[in-house]
Amino acid sequence: MHRPIEDYALIGDHQTAALVGRDGSIDWLCLPRFDSAACFAALLGDERNGHWRLAPDGAGDCTRRAYRKDSLVLDTIWRTDEGTVRVTDLMPQRDRAPDVVRIVEGVEGRVTMRSTLRLRFDYGSVVPWMRRADGHRVAVAGPDSVWLRSEPQVRTWGEDFGTHAEFTVAEGERVAFVLTWHPSHEPRPPLVDPYEALRHSLDDWRAWAARCRYDGPYRDEVVRSLITLKALTFEPTGGIVAAPTTSLPEEIGGVRNWDYRYCWLRDSTLTLGALLAAGYREEAAAWRDWLLRAAAGNPADLQIMYGLAGERRLPEEELSWLPGYAGSKPVRSGNEAARQLQLDVYGEVIDSLSLARAAGLPLEPHMWQLQLALMEFLHENWREPDEGLWEVRGPRRQFVHSKVMAWAAADRTVRAMEEDPRLPGDVDRWRAMRDEVHREVCEQGYDAERNTFTQYYGSADLDAALLLIPQIGFLPPDDPRVVGTVDAVREELGHKGLLRRYSEDRASVDGLPGGEGTFLVCSFWLADALHLTGRTHQARELFERLVGLVNDVGLLAEEYDPVAECHLGNFPQAFSHIGLVGTALALYGTDQAG
Ligand SMILES: OC[C@H]1O[C@H](O[C@H]2O[C@H](CO)[C@@H](O)[C@H](O)[C@H]2O)[C@H](O)[C@@H](O)[C@@H]1O
């Protein structure tokens, strides 16, 4: 039996992240970066692919677990026949090397604990050589080296290609483990003090969370989402990953398994919007600078996603030795979608630059130059078919959402020039483009008989992204075509009260076999659209349902299966948390009180 995706909690150090199960096992960790090979990959296989379990001897899942308030420090608690024990997990803010800190604390009685560490470098495939050095355990294989130490020192032994320890903790006693990675050719980095790391981590996260401007209902869920988005940000460059995992399936046993450990311009711009709306300007500025570096060059070469530092080549490879989550193969690293044409991205990037300007982030002339260069490209190419925001692997099409975003790019550019006539450029050209795109979409992307916009020109299919039309400002919310589209999308793509992103039963537009769950961000978009079209009560009902889907520590995967009642897809996913923050702010933000 596989462990449900929602059984995991996230810890991270702003450069990578780990998933900790309810049984105290870290089953996923890529070192040293989000997109590095995993040294714990049991998530996509089993314990033989690497994990680190720290729990009472013979115990199963924990009794209770929670993050310490407004932080990414996780407490997992077991009540056993012997007593009660707490394991506190964190990844401290990085100095030179990534560390995982696990502090065991006796709460009551005297509990026998067991640690089982199986390091498997290169995505669960390489068994390292283990030895003792300076009283610690050190694992080495090729470029990777990992140190394990404990305070006070507990006896460890090697067995079954793993490192084991057994010890007891009585009430008030503590044992701390620190696992540290470094390149094997370099000397061991300085050792961190686990207790100081815990204090710093709590202080840093709490100071960060205190900057959140949202003070309405569901504040805890909103703050948890913001912390998750922050944890998905690669601090050295400002890039934001879509999720810290690869290949958690969109269908159990299916092939829709993708690597999300990269920076999508779409997901990142939306993350930026959510962070800005909640008051986080520094992150917005860091991401904007990342964007300017990543996008530098010929606008025709703009990619829809990049590596953490703006790398362009993200070749897709199958990791054939990994059996996959619940047998869902293939497991992939890299993502071929990087080479797709997705025209909406131009609109999203330009929209985010406008948002940044409106928020008063310092303007530099080359940002406007970038915007104009992107507009030039779009002017020449907006009529092209593309792969759209769902990154279909079937044939390119005239996706309506892509065109609407091309309209948004022109619209934001025109408005910027109207607001600041000193900005150089030919505003009439962009105005003409804006009008032409609008006209074409209303003629070719709208089905008058059914009173709804469609997924692509001439298609009978619908698409949840059409719900964004009023939010983007393409048409006002009270336009009968908008209301018709919201109703049609809800009717046709609704599944047990949530929403699929597009129709399952039409001849597969995405070019892939099998199906998938309901797409969580789309369900948040439905709540937004219901609110905008005057059905706030229904919007709030839907939002409450969605908030009820977060796992016990407030996290959401990409998708949800309302029949099996489980999370699906990569986890935790930025898109879903962006949806939660955006809808909460729309429904309960200060201007929406009541
Ligand atoms: O389902 C097919 C596609 O799934 C992934 O894309 C999805 O995730 C992206 C990151 O969150 C998001 O930006 C995109 O809109 C989603 O469709 C995958 O990356 C693609 O390769 C795959 O074709």
# chains A, B, ... in the order shown; residues from 1 in each chain; ligands from 1
>>> closest_atom_pairs(of="chain A", to="ligand 1", cutoff="9 Å", atoms="only C-alpha atoms and all ligand atoms", output="Markdown table")
| residue | atom | partner | partner_atom_place_in_ligand_line | distance |
| --- | --- | --- | --- | --- |
| A:Val241 | CA | ligand 1 | 10 (C) | 8.5 |
| A:Ala242 | CA | ligand 1 | 11 (O) | 4.9 |
| A:Ala243 | CA | ligand 1 | 11 (O) | 7.2 |
| A:Glu250 | CA | ligand 1 | 1 (O) | 7.7 |
| A:Arg256 | CA | ligand 1 | 1 (O) | 6.3 |
| A:Asn257 | CA | ligand 1 | 4 (O) | 7.7 |
| A:Trp258 | CA | ligand 1 | 18 (C) | 5.2 |
| A:Asp259 | CA | ligand 1 | 19 (O) | 6.4 |
| A:Tyr260 | CA | ligand 1 | 10 (C) | 5.9 |
| A:Arg261 | CA | ligand 1 | 10 (C) | 8.9 |
| A:Tyr262 | CA | ligand 1 | 10 (C) | 8.3 |
| A:Cys263 | CA | ligand 1 | 10 (C) | 8.3 |
| A:Trp264 | CA | ligand 1 | 13 (O) | 5.9 |
| A:Leu265 | CA | ligand 1 | 13 (O) | 7.9 |
| A:Arg266 | CA | ligand 1 | 13 (O) | 5.8 |
| A:Asp267 | CA | ligand 1 | 13 (O) | 5.5 |
| A:Ser268 | CA | ligand 1 | 13 (O) | 8.9 |
| A:Ile304 | CA | ligand 1 | 13 (O) | 8.5 |
| A:Met305 | CA | ligand 1 | 13 (O) | 8.5 |
| A:Asn335 | CA | ligand 1 | 21 (O) | 5.6 |
| A:Glu336 | CA | ligand 1 | 21 (O) | 6.3 |
| A:Ala337 | CA | ligand 1 | 21 (O) | 4.6 |
| A:Ala338 | CA | ligand 1 | 21 (O) | 7.7 |
| A:Glu387 | CA | ligand 1 | 23 (O) | 9.0 |
| A:Gly388 | CA | ligand 1 | 15 (O) | 8.0 |
| A:Leu389 | CA | ligand 1 | 15 (O) | 4.6 |
| A:Trp390 | CA | ligand 1 | 17 (O) | 3.4 |
| A:Glu391 | CA | ligand 1 | 23 (O) | 4.5 |
| A:Val392 | CA | ligand 1 | 23 (O) | 5.2 |
| A:Arg393 | CA | ligand 1 | 23 (O) | 5.7 |
| A:Arg501 | CA | ligand 1 | 17 (O) | 8.9 |
| A:Asp510 | CA | ligand 1 | 2 (C) | 7.1 |
| A:Leu512 | CA | ligand 1 | 2 (C) | 8.2 |
| A:Glu516 | CA | ligand 1 | 1 (O) | 8.6 |
| A:Glu558 | CA | ligand 1 | 11 (O) | 7.6 |
| A:Asn570 | CA | ligand 1 | 11 (O) | 8.4 |
| A:Gln573 | CA | ligand 1 | 11 (O) | 7.0 |
| A:Ala574 | CA | ligand 1 | 11 (O) | 7.1 |
| A:Phe575 | CA | ligand 1 | 11 (O) | 6.0 |
| A:Ser576 | CA | ligand 1 | 11 (O) | 8.9 |
>>> write_last_selection(atoms="C-alpha atoms", output="mmCIF file, in the first residue's frame")
data_model
loop_
_atom_site.group_PDB
_atom_site.id
_atom_site.type_symbol
_atom_site.label_atom_id
_atom_site.label_comp_id
_atom_site.auth_asym_id
_atom_site.auth_seq_id
_atom_site.Cartn_x
_atom_site.Cartn_y
_atom_site.Cartn_z
ATOM 1 C CA VAL A 241 9.662 26.296 -8.318
ATOM 2 C CA ALA A 242 6.190 24.993 -9.165
ATOM 3 C CA ALA A 243 6.613 22.194 -6.591
ATOM 4 C CA GLU A 250 -2.134 13.074 -11.771
ATOM 5 C CA ARG A 256 0.888 11.892 -16.245
ATOM 6 C CA ASN A 257 3.922 12.247 -14.057
ATOM 7 C CA TRP A 258 5.937 15.420 -14.490
ATOM 8 C CA ASP A 259 8.919 17.161 -13.003
ATOM 9 C CA TYR A 260 7.887 20.444 -11.350
ATOM 10 C CA ARG A 261 11.216 21.432 -9.798
ATOM 11 C CA TYR A 262 11.644 24.328 -12.210
ATOM 12 C CA CYS A 263 10.554 27.936 -12.520
ATOM 13 C CA TRP A 264 7.530 28.342 -14.753
ATOM 14 C CA LEU A 265 6.991 31.946 -15.742
ATOM 15 C CA ARG A 266 3.249 31.378 -15.382
ATOM 16 C CA ASP A 267 3.322 29.849 -11.898
ATOM 17 C CA SER A 268 5.998 32.289 -10.747
ATOM 18 C CA ILE A 304 7.939 29.107 -20.609
ATOM 19 C CA MET A 305 10.110 27.723 -17.814
ATOM 20 C CA ASN A 335 10.560 18.665 -18.550
ATOM 21 C CA GLU A 336 10.212 18.814 -22.321
ATOM 22 C CA ALA A 337 7.412 21.351 -21.965
ATOM 23 C CA ALA A 338 10.247 23.881 -21.601
ATOM 24 C CA GLU A 387 0.354 24.394 -26.612
ATOM 25 C CA GLY A 388 -1.557 26.590 -24.179
ATOM 26 C CA LEU A 389 -1.329 26.881 -20.417
ATOM 27 C CA TRP A 390 -2.070 23.185 -19.886
ATOM 28 C CA GLU A 391 1.035 22.333 -21.896
ATOM 29 C CA VAL A 392 -0.760 19.822 -24.090
ATOM 30 C CA ARG A 393 1.401 17.261 -25.786
ATOM 31 C CA ARG A 501 -9.333 21.840 -16.061
ATOM 32 C CA ASP A 510 -3.736 16.845 -24.387
ATOM 33 C CA LEU A 512 -2.036 11.693 -23.311
ATOM 34 C CA GLU A 516 -6.759 12.956 -13.955
ATOM 35 C CA GLU A 558 -1.952 20.003 -7.615
ATOM 36 C CA ASN A 570 3.064 17.117 -7.308
ATOM 37 C CA GLN A 573 2.038 22.812 -5.484
ATOM 38 C CA ALA A 574 2.471 26.570 -5.763
ATOM 39 C CA PHE A 575 -0.482 26.897 -8.150
ATOM 40 C CA SER A 576 -2.944 25.485 -5.579
#
>>> select_by_dssp(residues="stretch 280-524 of chain A", states="strand (DSSP E)", output="PyMOL selection string")
chain A and resi 305-306+317-318+332-333+446-447+452-453+494-495+498-499+518-519
>>> write_last_selection(atoms="C-alpha atoms", output="compact mmCIF listing (two decimals), in the first residue's frame")
# COMPACT_ATOMS: atom_id res chain seq x y z
CA MET A 305 10.11 27.72 -17.81
CA TYR A 306 13.72 27.81 -16.69
CA GLU A 317 14.76 11.77 -18.89
CA GLU A 318 13.07 8.68 -17.51
CA ARG A 332 10.79 11.77 -15.04
CA SER A 333 13.49 14.30 -14.40
CA TYR A 446 -17.20 32.31 -28.62
CA ASP A 447 -20.09 29.92 -29.25
CA THR A 452 -19.97 30.43 -23.85
CA PHE A 453 -16.36 30.97 -24.83
CA GLY A 494 -17.78 20.31 -12.53
CA HIS A 495 -17.04 17.03 -10.77
CA LEU A 498 -14.93 20.77 -7.81
CA LEU A 499 -13.60 21.47 -11.29
CA THR A 518 -10.01 17.84 -10.37
CA PHE A 519 -7.51 20.67 -10.69
>>> residues_around(residues="stretch 362-373 of chain A", least_positions_apart="4", cutoff="12 Å", atoms="only C-alpha atoms", output="ChimeraX atom specification")
/A:281-282,284-286,288-302,346-358,377-380,409-410,412-414,416-417,420,422-427,429-430
>>> residues_around(residues="stretch 115-124 of chain A", least_positions_apart="2", cutoff="9 Å", atoms="only C-alpha atoms", output="PyMOL selection string")
chain A and resi 25+30+36-42+44-45+47-57+113+126-128+139+141+144+146+156+161-167+319+321-322
>>> write_last_selection(atoms="C-alpha atoms", output="mmCIF file, in the first residue's frame")
data_model
loop_
_atom_site.group_PDB
_atom_site.id
_atom_site.type_symbol
_atom_site.label_atom_id
_atom_site.label_comp_id
_atom_site.auth_asym_id
_atom_site.auth_seq_id
_atom_site.Cartn_x
_atom_site.Cartn_y
_atom_site.Cartn_z
ATOM 1 C CA SER A 25 10.178 9.034 7.568
ATOM 2 C CA CYS A 30 17.095 16.514 -3.277
ATOM 3 C CA SER A 36 19.398 18.095 -7.798
ATOM 4 C CA ALA A 37 19.186 14.317 -7.717
ATOM 5 C CA ALA A 38 17.300 12.973 -4.705
ATOM 6 C CA CYS A 39 19.193 11.136 -1.964
ATOM 7 C CA PHE A 40 15.890 10.047 -0.389
ATOM 8 C CA ALA A 41 13.513 8.824 -3.105
ATOM 9 C CA ALA A 42 11.308 6.336 -1.249
ATOM 10 C CA LEU A 44 8.762 7.234 -5.803
ATOM 11 C CA GLY A 45 9.663 3.701 -4.854
ATOM 12 C CA GLU A 47 12.702 2.320 1.428
ATOM 13 C CA ARG A 48 15.406 0.771 -0.739
ATOM 14 C CA ASN A 49 15.407 4.032 -2.734
ATOM 15 C CA GLY A 50 16.457 6.036 0.301
ATOM 16 C CA HIS A 51 14.742 7.432 3.385
ATOM 17 C CA TRP A 52 15.393 8.408 6.979
ATOM 18 C CA ARG A 53 12.941 7.219 9.570
ATOM 19 C CA LEU A 54 13.099 8.529 13.126
ATOM 20 C CA ALA A 55 10.264 7.308 15.322
ATOM 21 C CA PRO A 56 9.499 5.249 18.423
ATOM 22 C CA ASP A 57 10.648 1.666 17.953
ATOM 23 C CA MET A 113 13.487 5.440 19.621
ATOM 24 C CA VAL A 126 23.622 4.718 -5.572
ATOM 25 C CA VAL A 127 24.511 3.065 -2.258
ATOM 26 C CA PRO A 128 27.270 5.140 -0.629
ATOM 27 C CA ALA A 139 28.613 8.573 3.545
ATOM 28 C CA ALA A 141 29.595 8.247 -3.306
ATOM 29 C CA ASP A 144 28.148 13.542 -2.784
ATOM 30 C CA VAL A 146 26.735 13.311 3.840
ATOM 31 C CA THR A 156 25.072 3.751 15.432
ATOM 32 C CA PHE A 161 23.007 -1.078 3.692
ATOM 33 C CA GLY A 162 21.662 1.370 6.258
ATOM 34 C CA THR A 163 22.785 3.190 9.396
ATOM 35 C CA HIS A 164 20.775 2.379 12.491
ATOM 36 C CA ALA A 165 20.518 3.720 16.011
ATOM 37 C CA GLU A 166 18.437 2.840 19.018
ATOM 38 C CA PHE A 167 18.219 4.946 22.162
ATOM 39 C CA LEU A 319 14.448 7.319 -14.243
ATOM 40 C CA TRP A 321 14.991 2.184 -11.909
ATOM 41 C CA LEU A 322 12.330 3.945 -9.840
#
>>> atom_distance(atom1="atom CA of A:Ala59", atom2="atom CA of A:Ile103")
17.5 Å
>>> residues_around(residues="A:Asp13", least_positions_apart="4", cutoff="6 Å", atoms="only C-alpha atoms", output="JSON, numbers by chain")
{"A": [91, 92, 93]}
